[in-house]
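Asker: The following file, run_13.txt, comprises compact mmCIF, C-alpha atoms:
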```txt
# COMPACT_ATOMS: atom_id res chain seq x y z
CA MET A 12 -12.47 48.42 103.11
CA THR A 13 -15.55 49.72 101.20
CA LYS A 14 -16.12 46.32 99.56
CA PHE A 15 -15.79 44.66 102.98
CA ALA A 16 -18.50 46.98 104.37
CA PHE A 17 -20.85 46.16 101.46
CA VAL A 18 -20.40 42.43 102.08
CA LEU A 19 -21.07 42.94 105.80
CA ILE A 20 -24.30 44.86 105.08
CA ALA A 21 -25.47 42.22 102.57
CA ILE A 22 -24.93 39.37 105.05
CA PHE A 23 -26.66 41.32 107.80
CA SER A 24 -29.66 42.06 105.53
CA LEU A 25 -29.95 38.36 104.62
CA SER A 26 -29.87 37.41 108.29
CA GLN A 27 -32.61 39.92 109.09
CA ALA A 28 -34.79 38.69 106.21
CA THR A 29 -34.44 35.10 107.43
CA ALA A 30 -35.28 36.12 110.97
CA GLN A 31 -38.54 37.76 109.80
CA LEU A 32 -39.81 34.38 108.57
CA LYS A 33 -39.71 33.01 112.12
CA PRO A 34 -42.07 33.86 115.01
CA LYS A 35 -40.87 36.92 116.88
CA LYS A 36 -39.22 36.34 120.24
CA ASP A 37 -39.33 38.73 123.17
CA TRP A 38 -35.60 39.01 123.81
CA SER A 39 -36.09 41.38 126.75
CA LYS A 40 -37.31 38.37 128.77
CA VAL A 41 -34.41 36.09 127.82
CA ASP A 42 -31.79 35.61 130.52
CA ILE A 43 -28.29 35.64 128.97
CA ASP A 44 -25.71 33.99 131.21
CA ARG A 45 -22.71 35.02 129.11
CA SER A 46 -22.04 38.35 127.45
CA GLY A 47 -19.31 36.79 125.27
CA ASP A 48 -16.16 37.71 123.41
CA HIS A 49 -14.20 39.31 126.25
CA ILE A 50 -10.90 38.39 124.57
CA MET A 51 -10.05 38.97 120.90
CA LEU A 52 -6.92 37.78 119.10
CA GLN A 53 -6.51 39.00 115.52
CA LEU A 54 -4.14 37.76 112.81
CA SER A 55 -3.96 40.04 109.79
CA SER A 56 -2.59 40.70 106.34
CA ASP A 57 -1.37 44.33 106.39
CA HIS A 58 -1.39 46.86 103.54
CA TRP A 59 -0.92 50.57 102.81
CA SER A 60 -3.51 52.65 100.95
CA GLY A 61 -2.37 55.85 99.27
CA ALA A 62 1.31 54.90 98.92
CA PRO A 63 2.80 55.93 95.54
CA ASP A 64 4.41 53.27 93.33
CA SER A 65 7.86 54.42 94.44
CA ILE A 66 6.93 53.17 97.95
CA GLY A 67 4.06 50.73 97.54
CA GLY A 68 5.80 48.98 94.66
CA ARG A 69 8.66 48.03 96.98
CA ILE A 70 6.43 46.34 99.58
CA LYS A 71 7.06 42.62 99.12
CA GLY A 72 6.22 39.39 100.89
CA LEU A 73 3.58 38.71 103.53
CA SER A 74 3.24 41.89 105.58
CA ARG A 75 1.35 40.93 108.71
CA GLY A 76 -0.06 42.08 112.02
CA LEU A 77 -1.06 40.71 115.41
CA ASN A 78 -3.64 42.38 117.67
CA PHE A 79 -4.82 41.42 121.16
CA TYR A 80 -7.69 43.05 123.07
CA ILE A 81 -9.47 42.52 126.39
CA MET A 82 -13.08 43.71 126.07
CA MET A 83 -16.08 44.49 128.26
CA ASN A 84 -19.37 43.63 126.54
CA LYS A 85 -22.59 45.33 127.70
CA PRO A 86 -25.80 43.87 126.18
CA PHE A 87 -28.87 46.10 125.84
CA LYS A 88 -31.49 45.19 128.47
CA THR A 89 -34.37 45.55 126.03
CA ASP A 90 -32.68 43.37 123.38
CA PRO A 91 -29.50 41.48 124.37
CA ARG A 92 -28.80 40.65 120.74
CA TRP A 93 -27.35 44.15 120.60
CA SER A 94 -24.45 45.24 122.77
CA VAL A 95 -21.71 47.82 123.12
CA ALA A 96 -18.17 46.60 123.78
CA PHE A 97 -15.05 48.52 124.74
CA GLY A 98 -11.62 47.55 125.96
CA LEU A 99 -7.86 47.90 125.78
CA GLY A 100 -5.16 46.14 123.80
CA ILE A 101 -2.08 46.13 121.61
CA SER A 102 -1.94 46.29 117.81
CA THR A 103 1.26 45.46 115.91
CA SER A 104 2.16 45.60 112.22
CA SER A 105 5.19 44.64 110.11
CA ILE A 106 5.43 45.93 106.53
CA LEU A 107 8.07 44.08 104.50
CA PHE A 108 10.19 45.85 101.87
CA ASN A 109 12.53 44.67 99.11
CA LYS A 110 15.84 46.43 98.33
CA THR A 111 14.78 49.46 100.33
CA ALA A 112 16.11 51.58 103.19
CA ILE A 113 13.81 53.84 105.25
CA GLY A 114 15.68 56.70 106.89
CA ILE A 115 13.75 57.15 110.12
CA LEU A 116 16.93 58.59 111.72
CA SER A 117 17.22 61.21 108.97
CA THR A 118 16.96 64.93 109.76
CA SER A 119 15.36 65.86 106.41
CA THR A 120 11.77 67.11 106.20
CA LEU A 121 10.56 64.14 104.15
CA LEU A 122 10.96 60.57 105.35
CA PRO A 123 13.47 59.00 102.90
CA PHE A 124 12.55 55.73 101.14
CA SER A 125 15.77 54.81 99.33
CA ASN A 126 15.89 52.52 96.28
CA LEU A 127 18.79 50.07 96.70
CA ASP A 128 18.51 48.15 93.41
CA SER A 129 22.10 49.08 92.49
CA SER A 130 23.76 48.89 95.90
CA ASN A 131 24.05 46.75 99.02
CA TYR A 132 20.79 45.99 100.83
CA PHE A 133 19.33 43.86 103.61
CA LYS A 134 17.94 40.53 102.48
CA LYS A 135 15.07 40.93 104.98
CA TYR A 136 13.83 44.41 105.83
CA LYS A 137 10.69 45.69 107.56
CA LEU A 138 9.05 48.72 109.14
CA ALA A 139 7.32 47.67 112.36
CA THR A 140 4.86 49.59 114.52
CA SER A 141 3.01 48.94 117.76
CA PHE A 142 0.06 50.86 119.23
CA LEU A 143 -1.78 50.85 122.55
CA GLU A 144 -5.45 50.98 121.52
CA VAL A 145 -8.95 51.44 122.91
CA PRO A 146 -11.47 49.63 120.65
CA ILE A 147 -15.23 50.34 120.76
CA GLU A 148 -17.76 48.13 118.94
CA LEU A 149 -21.51 48.05 118.35
CA ARG A 150 -22.24 44.33 118.23
CA TYR A 151 -25.13 42.20 117.02
CA THR A 152 -25.43 38.49 117.94
CA ALA A 153 -28.25 36.70 116.14
CA ASP A 154 -28.79 34.21 119.00
CA PRO A 155 -27.12 35.32 122.26
CA SER A 156 -28.53 32.24 124.01
CA HIS A 157 -26.13 30.16 121.90
CA GLU A 158 -23.50 32.75 121.04
CA ALA A 159 -20.79 30.13 120.43
CA LYS A 160 -22.75 28.97 117.35
CA SER A 161 -24.40 32.24 116.36
CA TRP A 162 -23.82 34.71 113.56
CA LYS A 163 -22.10 37.84 114.84
CA PHE A 164 -21.62 41.30 113.37
CA ALA A 165 -19.75 44.34 114.70
CA LEU A 166 -18.95 47.87 113.57
CA GLY A 167 -16.67 50.16 115.50
CA VAL A 168 -13.70 52.42 115.88
CA LYS A 169 -10.44 52.24 117.76
CA VAL A 170 -8.15 55.02 118.91
CA GLY A 171 -4.52 54.35 119.70
CA THR A 172 -1.23 55.89 120.71
CA MET A 173 2.05 54.77 119.17
CA LEU A 174 4.32 52.78 121.45
CA ASN A 175 7.17 52.09 119.04
CA THR A 176 8.21 52.40 115.41
CA HIS A 177 11.39 50.85 114.07
CA THR A 178 13.06 49.44 111.00
CA LYS A 179 14.82 46.08 111.14
CA GLY A 180 17.22 44.68 108.56
CA LYS A 181 18.80 41.22 108.53
CA THR A 182 21.73 39.90 106.48
CA LEU A 183 23.52 42.50 104.35
CA VAL A 184 23.97 41.37 100.73
CA ASN A 185 25.39 43.01 97.59
CA LYS A 186 23.38 43.85 94.47
CA SER A 187 23.93 40.30 93.18
CA GLY A 188 22.42 38.82 96.35
CA THR A 189 25.70 37.49 97.76
CA THR A 190 25.98 37.74 101.55
CA ILE A 191 28.42 40.38 102.78
CA MET A 192 27.73 40.13 106.48
CA SER A 193 25.18 38.29 108.64
CA TYR A 194 23.93 40.70 111.28
CA THR A 195 20.80 42.58 112.34
CA GLU A 196 20.40 46.36 112.27
CA LYS A 197 17.54 48.02 114.13
CA GLU A 198 16.70 51.74 114.12
CA SER A 199 13.89 53.31 116.15
CA ARG A 200 12.37 56.82 116.01
CA LYS A 201 8.84 58.33 115.94
CA ALA A 202 9.58 61.79 114.53
CA TYR A 203 8.00 61.26 111.08
CA PHE A 204 4.88 59.42 112.23
CA ASN A 205 1.49 60.40 113.64
CA THR A 206 1.57 59.00 117.15
CA THR A 207 -2.23 59.10 117.48
CA ARG A 208 -4.33 56.84 115.25
CA LEU A 209 -8.07 56.57 114.64
CA ALA A 210 -9.33 53.57 112.67
CA ALA A 211 -12.72 52.22 111.55
CA THR A 212 -13.36 48.50 112.13
CA ALA A 213 -15.82 45.80 111.04
CA ARG A 214 -16.27 42.10 111.85
CA VAL A 215 -18.53 39.29 110.66
CA GLY A 216 -18.44 35.62 111.60
CA ILE A 217 -19.93 32.65 113.44
CA GLY A 218 -19.19 31.75 117.05
CA HIS A 219 -15.58 32.23 118.04
CA PHE A 220 -14.28 32.95 114.52
CA SER A 221 -14.84 36.02 112.37
CA LEU A 222 -13.31 37.98 109.52
CA PHE A 223 -12.32 41.55 110.32
CA GLY A 224 -11.18 44.70 108.60
CA ALA A 225 -9.58 47.84 110.02
CA TYR A 226 -8.86 51.04 108.07
CA SER A 227 -6.88 53.97 109.44
CA ILE A 228 -8.79 57.26 109.18
CA THR A 229 -5.72 59.25 110.16
CA SER A 230 -2.60 59.40 108.00
CA PHE A 231 0.36 57.22 108.95
CA LEU A 232 2.89 60.03 108.35
CA LYS A 233 2.76 63.56 109.72
CA ASP A 234 1.79 66.40 107.38
CA GLY A 235 4.79 67.31 105.25
CA ALA A 236 6.68 64.11 106.10
CA GLY A 237 5.47 62.16 103.08
CA PRO A 238 2.39 60.92 101.19
CA SER A 239 -0.98 60.41 102.88
CA ILE A 240 -0.58 56.70 103.65
CA ARG A 241 -3.43 54.96 105.46
CA PRO A 242 -2.67 51.45 106.73
CA TYR A 243 -5.38 48.79 106.71
CA GLN A 244 -5.68 45.20 107.94
CA ILE A 245 -7.78 42.25 106.77
CA GLY A 246 -7.70 39.04 108.73
CA LEU A 247 -9.10 36.52 111.19
CA THR A 248 -10.42 37.18 114.69
CA ILE A 249 -10.50 34.45 117.33
CA SER A 250 -12.70 35.48 120.25
CA GLY A 251 -14.08 33.95 123.41
CA LEU A 252 -14.66 33.93 127.17
```
Before we go any further, please render this structure as structure tokens.
Answerer:
Amino acid sequence: MTKFAFVLIAIFSLSQATAQLKPKKDWSKVDIDRSGDHIMLQLSSDHWSGAPDSIGGRIKGLSRGLNFYIMMNKPFKTDPRWSVAFGLGISTSSILFNKTAIGILSTSTLLPFSNLDSSNYFKKYKLATSFLEVPIELRYTADPSHEAKSWKFALGVKVGTMLNTHTKGKTLVNKSGTTIMSYTEKESRKAYFNTTRLAATARVGIGHFSLFGAYSITSFLKDGAGPSIRPYQIGLTISGL
């Protein structure tokens, strides 16, 4: 997330330097018909920071997320290149594990992550979460008169409340990988997880497409329930309207 922020700052600085070579424009007198980017759809690659090797080393495959937000964008009257946006939406994440069982129905103090290398396991297994979120962004659009073709930058935060957390396993196999039974097992419980999340966000792109990053400031697990895991997402934002 730190490297992503450095790249964002470098691109922004380059844009500002280029803009200084052109005659200054009085943006306060420019009439902007569209405030832009009222809808954001995000596709992400999902990861965990702070997970020990006993957990992080068992995350396999393409863990992914899908976020959808409806935003209100309020340009500054003195300079409509700058705006503040806020809204409401849903954020989802699926972290894929290999030969692992996560005991979210357990009554122990620590959330169990069981190694199943020498026993039966689910061929496909994931821990999925969904949050209701309120995102807030400080946005900069280089040319709001032609925002569909303009460079755009945004920094922000989002606060969310957990809607659901569950594990899902498909197709039970033995340690040799031979199918024992084809069925799906789903277990749902929030007891081990922080149900309130605060995350920092950043976006940079052109027109309706941008790259984004989101890093959880709060820990994924409650104090005493396990390591201080902080989920983060890197992906593509499609925005418009």
Asker: Residues near stretch 216-220 of chain A, anyone? I mean within 9 Å using all atoms listed in the file, not counting same-chain ones fewer than 6 positions away, as number ranges by chain.
Answerer: A: 48, 157-164, 247-251
Asker: Scan for residues within 8 Å of the point (-2.2, 59.4, 123.7) in the coordinates of the file, using all atoms listed in the file, and reply as an MDAnalysis selection string.
Answerer: chainID A and resid 171:173 206:207
Asker: So, with only C-alpha atoms as the atoms that count, which of A:Val168, A:Ala236, A:Val145, A:Met83 lies closest to A:Thr120?
Answerer: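 Comparing A:Val168, A:Ala236, A:Val145, A:Met83 against A:Thr120, the winner is A:Ala236.
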Asker: Tell me, as a compact mmCIF listing (two decimals) with C-alpha atoms, keeping the file's coordinate frame, which residues lie within 10 Å of stretch 105-118 of chain A, counting all atoms listed in the file; anything in the same chain fewer than 2 positions away does not count.
Answerer:
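And here is the file that came out, result.txt:
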```txt
# COMPACT_ATOMS: atom_id res chain seq x y z
CA SER A 56 -2.59 40.70 106.34
CA ASP A 57 -1.37 44.33 106.39
CA HIS A 58 -1.39 46.86 103.54
CA TRP A 59 -0.92 50.57 102.81
CA ILE A 66 6.93 53.17 97.95
CA GLY A 67 4.06 50.73 97.54
CA GLY A 68 5.80 48.98 94.66
CA ARG A 69 8.66 48.03 96.98
CA ILE A 70 6.43 46.34 99.58
CA LYS A 71 7.06 42.62 99.12
CA GLY A 72 6.22 39.39 100.89
CA LEU A 73 3.58 38.71 103.53
CA SER A 74 3.24 41.89 105.58
CA ARG A 75 1.35 40.93 108.71
CA GLY A 76 -0.06 42.08 112.02
CA LEU A 77 -1.06 40.71 115.41
CA THR A 103 1.26 45.46 115.91
CA THR A 120 11.77 67.11 106.20
CA LEU A 121 10.56 64.14 104.15
CA LEU A 122 10.96 60.57 105.35
CA PRO A 123 13.47 59.00 102.90
CA PHE A 124 12.55 55.73 101.14
CA SER A 125 15.77 54.81 99.33
CA ASN A 126 15.89 52.52 96.28
CA LEU A 127 18.79 50.07 96.70
CA ASP A 128 18.51 48.15 93.41
CA SER A 129 22.10 49.08 92.49
CA SER A 130 23.76 48.89 95.90
CA ASN A 131 24.05 46.75 99.02
CA TYR A 132 20.79 45.99 100.83
CA PHE A 133 19.33 43.86 103.61
CA LYS A 134 17.94 40.53 102.48
CA LYS A 135 15.07 40.93 104.98
CA TYR A 136 13.83 44.41 105.83
CA LYS A 137 10.69 45.69 107.56
CA LEU A 138 9.05 48.72 109.14
CA ALA A 139 7.32 47.67 112.36
CA THR A 140 4.86 49.59 114.52
CA SER A 141 3.01 48.94 117.76
CA THR A 176 8.21 52.40 115.41
CA HIS A 177 11.39 50.85 114.07
CA THR A 178 13.06 49.44 111.00
CA LYS A 179 14.82 46.08 111.14
CA GLY A 180 17.22 44.68 108.56
CA VAL A 184 23.97 41.37 100.73
CA LYS A 186 23.38 43.85 94.47
CA GLU A 198 16.70 51.74 114.12
CA SER A 199 13.89 53.31 116.15
CA ARG A 200 12.37 56.82 116.01
CA LYS A 201 8.84 58.33 115.94
CA ALA A 202 9.58 61.79 114.53
CA TYR A 203 8.00 61.26 111.08
CA PHE A 204 4.88 59.42 112.23
CA PRO A 242 -2.67 51.45 106.73
```
Asker: Please, what distance in Å, to one decimal, runs between atom CA of A:Pro155 and atom CA of A:Leu52?
Answerer: 20.6 Å
Asker: So what do you get for atom CA of A:Trp93 versus atom CA of A:Val170, distance-wise?
Answerer: 22.1 Å
Asker: Between A:Ile240, A:Leu252, A:Ala165, A:Met82, which residue has the minimum interatomic distance to A:Ser221, considering only C-alpha atoms?
Answerer: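 The closest residue to A:Ser221 is A:Ala165.
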Asker: How would stretch 116-145 of chain A read, as a CSV table (one decimal), keeping the file's coordinate frame, once N, CA and C atoms are built in?
Answerer:
```csv
chain,number,residue,atom,x,y,z
A,116,LEU,N,16.0,57.8,110.9
A,116,LEU,CA,16.9,58.6,111.7
A,116,LEU,C,17.4,59.9,111.0
A,117,SER,N,16.8,60.1,109.8
A,117,SER,CA,17.2,61.2,109.0
A,117,SER,C,16.7,62.5,109.6
A,118,THR,N,17.4,63.6,109.3
A,118,THR,CA,17.0,64.9,109.8
A,118,THR,C,16.3,65.8,108.7
A,119,SER,N,16.0,65.1,107.5
A,119,SER,CA,15.4,65.9,106.4
A,119,SER,C,13.9,66.0,106.7
A,120,THR,N,13.2,66.9,106.0
A,120,THR,CA,11.8,67.1,106.2
A,120,THR,C,10.9,65.9,105.8
A,121,LEU,N,11.3,65.3,104.6
A,121,LEU,CA,10.6,64.1,104.2
A,121,LEU,C,11.2,62.9,104.6
A,122,LEU,N,10.4,61.9,105.0
A,122,LEU,CA,11.0,60.6,105.4
A,122,LEU,C,11.5,59.9,104.1
A,123,PRO,N,12.9,59.6,104.1
A,123,PRO,CA,13.5,59.0,102.9
A,123,PRO,C,13.1,57.5,102.7
A,124,PHE,N,12.7,57.1,101.5
A,124,PHE,CA,12.6,55.7,101.1
A,124,PHE,C,13.6,55.5,100.0
A,125,SER,N,14.7,54.9,100.3
A,125,SER,CA,15.8,54.8,99.3
A,125,SER,C,15.7,53.5,98.5
A,126,ASN,N,15.8,53.7,97.2
A,126,ASN,CA,15.9,52.5,96.3
A,126,ASN,C,17.3,52.0,96.3
A,127,LEU,N,17.5,50.7,96.6
A,127,LEU,CA,18.8,50.1,96.7
A,127,LEU,C,19.0,49.0,95.6
A,128,ASP,N,18.4,49.1,94.5
A,128,ASP,CA,18.5,48.2,93.4
A,128,ASP,C,20.0,48.0,92.9
A,129,SER,N,20.7,49.1,93.0
A,129,SER,CA,22.1,49.1,92.5
A,129,SER,C,23.2,49.2,93.6
A,130,SER,N,22.8,48.8,94.8
A,130,SER,CA,23.8,48.9,95.9
A,130,SER,C,23.5,47.8,96.9
A,131,ASN,N,24.2,47.8,98.0
A,131,ASN,CA,24.0,46.8,99.0
A,131,ASN,C,22.7,47.0,99.7
A,132,TYR,N,22.1,45.9,100.1
A,132,TYR,CA,20.8,46.0,100.8
A,132,TYR,C,20.6,44.8,101.8
A,133,PHE,N,19.6,45.0,102.7
A,133,PHE,CA,19.3,43.9,103.6
A,133,PHE,C,18.4,42.9,102.9
A,134,LYS,N,18.7,41.6,103.1
A,134,LYS,CA,17.9,40.5,102.5
A,134,LYS,C,16.5,40.5,103.0
A,135,LYS,N,16.4,40.8,104.3
A,135,LYS,CA,15.1,40.9,105.0
A,135,LYS,C,15.0,42.3,105.6
A,136,TYR,N,13.9,43.0,105.3
A,136,TYR,CA,13.8,44.4,105.8
A,136,TYR,C,12.4,44.7,106.1
A,137,LYS,N,12.1,45.4,107.2
A,137,LYS,CA,10.7,45.7,107.6
A,137,LYS,C,10.6,47.0,108.4
A,138,LEU,N,9.4,47.6,108.3
A,138,LEU,CA,9.0,48.7,109.1
A,138,LEU,C,8.0,48.2,110.1
A,139,ALA,N,8.2,48.2,111.4
A,139,ALA,CA,7.3,47.7,112.4
A,139,ALA,C,6.8,48.8,113.3
A,140,THR,N,5.5,48.6,113.6
A,140,THR,CA,4.9,49.6,114.5
A,140,THR,C,4.1,48.8,115.6
A,141,SER,N,3.9,49.5,116.7
A,141,SER,CA,3.0,48.9,117.8
A,141,SER,C,2.2,50.1,118.4
A,142,PHE,N,1.0,49.9,118.7
A,142,PHE,CA,0.1,50.9,119.2
A,142,PHE,C,-0.7,50.3,120.4
A,143,LEU,N,-0.9,51.1,121.5
A,143,LEU,CA,-1.8,50.8,122.6
A,143,LEU,C,-3.1,51.4,122.1
A,144,GLU,N,-4.2,50.6,122.1
A,144,GLU,CA,-5.4,51.0,121.5
A,144,GLU,C,-6.6,50.7,122.4
A,145,VAL,N,-7.7,51.6,122.3
A,145,VAL,CA,-9.0,51.4,122.9
A,145,VAL,C,-10.0,51.2,121.8
```
